[in-house]
Structures are given as C-alpha cells and as structure tokens.
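Student: Following this message is one structure expressed as structure tokens.
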Amino acid sequence: MKLFELEKTETFREAPPDGGIESVCSCVLKKKPRCTLWVEGMRSLRDERRVEKALRGLPGITAEADHRSGSVSVLLGAPHSDAELAAAVEAAGFAVTAREG
C-alpha cells in the first residue's frame, strides 16, 4: 500500500572550481488523505476482496479491508464523496455504517 508520494525537485548551480557539478536536491513527501469505512456484512477473505475491488474501481483509491474488524482502510489519491464510496461498497453487496477521517 502506497502511503506517500515522492515529489523530487533538482536544481543545478554553477560548476565548482574542481570541475564537478554541484547539485541540490530537495524531496517533499506528500501524505495522501485517508479514512476508515465501517462495513456491515463482511465475513470472509472473499468478502474483503470484493469490497477492496469495488473501491479500487474508483480513480485514485487504494483500499485494504479487514472482515474481523468490519473496517476498510482507504487511501484517497483523488477526492471522492461519502456517497461515492458508499455506492461502491453497496455495489459489492455490503453496507457502509460509518466513516472516520
């Protein structure tokens, strides 16, 4: 699961006296927004996969379900409304009961 995206910026300055190239590199980690969905009805690994597949059908979404806790950890690489997330889960045959985050 990809929790961060790496953004790299590289800038070159004048060559130092020894003839080499001086390079400055700055890296910025951009944290993706995340939320937890509480899903009713997941009872097995097969159910987890169905829910994950349904959510991953939305652009930019990464999902990891756990039927034991009834939760799905969702990384939002693109903005989606609660209704869109719930509709995807419902299309897989389950119901979202709550969202955190």
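The way I read the labels, and the way they are meant: chains A, B, ... in the order of the structure tokens, residue 1 as the first residue of every chain, and ligand 1 as the first ligand shown, with later ones counted on from there.
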Show me, as a list of chain:residue names, the residues that have an atom within 6 Å of Leu75 (chain A) when counting only C-alpha atoms, minus same-chain residues fewer than 5 positions from it.

Tutor: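 Once the nearby chain positions are removed, what remains is A:Pro33, A:Arg34, A:Ile61, A:Thr62.
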
Student: Please write the residues from the selection above to a file, keeping N, CA, C and O atoms, as a PDB file, in the first residue's frame.

Tutor:
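Resulting contents of result.pdb:
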ATOM      1  N   PRO A  33      -4.581  11.679   1.784  1.00  0.00           N
ATOM      2  CA  PRO A  33      -5.670  11.628   2.769  1.00  0.00           C
ATOM      3  C   PRO A  33      -6.153  10.189   2.941  1.00  0.00           C
ATOM      4  O   PRO A  33      -6.153   9.414   1.987  1.00  0.00           O
ATOM      5  N   ARG A  34      -6.552   9.859   4.145  1.00  0.00           N
ATOM      6  CA  ARG A  34      -7.021   8.507   4.417  1.00  0.00           C
ATOM      7  C   ARG A  34      -8.290   8.576   5.249  1.00  0.00           C
ATOM      8  O   ARG A  34      -8.527   9.544   5.954  1.00  0.00           O
ATOM      9  N   ILE A  61      -8.114   5.396  -5.746  1.00  0.00           N
ATOM     10  CA  ILE A  61      -8.405   4.777  -4.450  1.00  0.00           C
ATOM     11  C   ILE A  61      -7.548   3.538  -4.233  1.00  0.00           C
ATOM     12  O   ILE A  61      -7.383   2.713  -5.119  1.00  0.00           O
ATOM     13  N   THR A  62      -7.020   3.417  -3.024  1.00  0.00           N
ATOM     14  CA  THR A  62      -6.362   2.202  -2.558  1.00  0.00           C
ATOM     15  C   THR A  62      -7.116   1.777  -1.308  1.00  0.00           C
ATOM     16  O   THR A  62      -7.390   2.610  -0.444  1.00  0.00           O
TER      17      THR A  62
END

Student: Can you tell me which residues surround Ser44 (chain A) at a distance of at most 9 Å, considering only C-alpha atoms, apart from same-chain residues fewer than 6 positions away, and format the answer as a ChimeraX atom specification?

Tutor: /A:66-68

Student: As a ChimeraX atom specification, please: the residues near region 45-60 of chain A (cut-off 12 Å, only C-alpha atoms, same-chain neighbours under 5 positions excluded).

Tutor: /A:2,32-34,37-40,65-82,84-96

Student: Give me a file of those residues, with N, CA and C atoms, as a short mmCIF file (atom, residue, chain, number, x, y, z; two decimals), in the first residue's frame.

Tutor:
data_model
loop_
_atom_site.label_atom_id
_atom_site.label_comp_id
_atom_site.auth_asym_id
_atom_site.auth_seq_id
_atom_site.Cartn_x
_atom_site.Cartn_y
_atom_site.Cartn_z
N LYS A 2 0.64 2.14 -0.89
CA LYS A 2 1.44 3.34 -1.04
C LYS A 2 0.87 4.46 -0.17
N LYS A 32 -1.05 11.16 1.54
CA LYS A 32 -2.38 11.04 0.94
C LYS A 32 -3.43 11.05 2.05
N PRO A 33 -4.58 11.68 1.78
CA PRO A 33 -5.67 11.63 2.77
C PRO A 33 -6.15 10.19 2.94
N ARG A 34 -6.55 9.86 4.15
CA ARG A 34 -7.02 8.51 4.42
C ARG A 34 -8.29 8.58 5.25
N LEU A 37 -13.65 3.17 6.64
CA LEU A 37 -15.07 2.88 6.46
C LEU A 37 -15.42 1.68 7.32
N TRP A 38 -16.55 1.75 8.01
CA TRP A 38 -17.05 0.61 8.78
C TRP A 38 -18.12 -0.04 7.92
N VAL A 39 -17.89 -1.31 7.59
CA VAL A 39 -18.72 -2.01 6.63
C VAL A 39 -19.42 -3.20 7.29
N GLU A 40 -20.72 -3.28 7.09
CA GLU A 40 -21.52 -4.35 7.65
C GLU A 40 -21.61 -5.52 6.68
N ALA A 65 -9.27 -4.06 3.28
CA ALA A 65 -10.37 -4.45 4.15
C ALA A 65 -9.95 -5.49 5.18
N ASP A 66 -10.65 -5.50 6.32
CA ASP A 66 -10.44 -6.48 7.37
C ASP A 66 -11.81 -6.96 7.86
N HIS A 67 -12.19 -8.17 7.49
CA HIS A 67 -13.52 -8.66 7.85
C HIS A 67 -13.67 -8.89 9.35
N ARG A 68 -12.57 -9.16 10.06
CA ARG A 68 -12.64 -9.40 11.51
C ARG A 68 -13.09 -8.14 12.26
N SER A 69 -12.59 -6.98 11.83
CA SER A 69 -12.97 -5.74 12.50
C SER A 69 -14.13 -5.04 11.80
N GLY A 70 -14.43 -5.48 10.56
CA GLY A 70 -15.50 -4.84 9.79
C GLY A 70 -15.11 -3.48 9.26
N SER A 71 -13.81 -3.28 9.06
CA SER A 71 -13.33 -1.97 8.62
C SER A 71 -12.57 -2.06 7.30
N VAL A 72 -12.52 -0.92 6.63
CA VAL A 72 -11.75 -0.80 5.39
C VAL A 72 -10.93 0.48 5.50
N SER A 73 -9.62 0.35 5.37
CA SER A 73 -8.72 1.50 5.36
C SER A 73 -8.61 1.97 3.91
N VAL A 74 -8.92 3.24 3.68
CA VAL A 74 -8.97 3.78 2.33
C VAL A 74 -8.00 4.95 2.19
N LEU A 75 -7.13 4.88 1.19
CA LEU A 75 -6.25 6.00 0.84
C LEU A 75 -6.87 6.69 -0.35
N LEU A 76 -7.07 7.99 -0.22
CA LEU A 76 -7.74 8.76 -1.26
C LEU A 76 -6.73 9.52 -2.09
N GLY A 77 -6.37 8.96 -3.24
CA GLY A 77 -5.46 9.63 -4.15
C GLY A 77 -6.18 10.67 -5.00
N ALA A 78 -7.50 10.64 -4.96
CA ALA A 78 -8.35 11.61 -5.65
C ALA A 78 -9.57 11.84 -4.76
N PRO A 79 -10.16 13.02 -4.82
CA PRO A 79 -11.30 13.29 -3.94
C PRO A 79 -12.55 12.50 -4.35
N HIS A 80 -13.22 11.92 -3.36
CA HIS A 80 -14.48 11.21 -3.58
C HIS A 80 -15.40 11.51 -2.41
N SER A 81 -16.69 11.64 -2.69
CA SER A 81 -17.66 11.92 -1.64
C SER A 81 -18.00 10.65 -0.86
N ASP A 82 -18.61 10.84 0.30
CA ASP A 82 -19.07 9.70 1.09
C ASP A 82 -20.04 8.86 0.27
N GLU A 84 -20.16 8.41 -2.97
CA GLU A 84 -19.45 7.61 -3.98
C GLU A 84 -18.82 6.36 -3.35
N LEU A 85 -18.19 6.54 -2.19
CA LEU A 85 -17.56 5.41 -1.50
C LEU A 85 -18.63 4.39 -1.07
N ALA A 86 -19.72 4.90 -0.50
CA ALA A 86 -20.80 4.01 -0.06
C ALA A 86 -21.42 3.26 -1.24
N ALA A 87 -21.61 3.94 -2.37
CA ALA A 87 -22.20 3.31 -3.55
C ALA A 87 -21.32 2.17 -4.06
N ALA A 88 -20.00 2.37 -4.03
CA ALA A 88 -19.08 1.32 -4.48
C ALA A 88 -19.18 0.10 -3.57
N VAL A 89 -19.23 0.34 -2.26
CA VAL A 89 -19.34 -0.77 -1.30
C VAL A 89 -20.68 -1.48 -1.46
N GLU A 90 -21.74 -0.71 -1.64
CA GLU A 90 -23.07 -1.29 -1.82
C GLU A 90 -23.16 -2.11 -3.11
N ALA A 91 -22.47 -1.68 -4.15
CA ALA A 91 -22.45 -2.43 -5.41
C ALA A 91 -21.80 -3.81 -5.21
N ALA A 92 -20.95 -3.93 -4.20
CA ALA A 92 -20.32 -5.23 -3.89
C ALA A 92 -21.19 -6.07 -2.96
N GLY A 93 -22.33 -5.51 -2.52
CA GLY A 93 -23.26 -6.26 -1.69
C GLY A 93 -23.16 -6.02 -0.20
N PHE A 94 -22.52 -4.92 0.20
CA PHE A 94 -22.33 -4.62 1.61
C PHE A 94 -22.82 -3.20 1.91
N ALA A 95 -22.87 -2.84 3.18
CA ALA A 95 -23.35 -1.51 3.57
C ALA A 95 -22.31 -0.80 4.44
N VAL A 96 -22.08 0.48 4.14
CA VAL A 96 -21.20 1.31 4.97
C VAL A 96 -22.06 1.84 6.12
#

Student: Write out as a list in words all residues of region 42-83 of chain A that DSSP puts in helix (DSSP H, G or I) for this structure's backbone.

Tutor: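 In region 42-83 of chain A, DSSP puts these residues in helix (DSSP H, G or I): Leu45, Arg46, Asp47, Glu48, Arg49, Arg50, Val51, Glu52, Lys53, Ala54, Leu55, Arg56, Asp82 and Ala83 of chain A.
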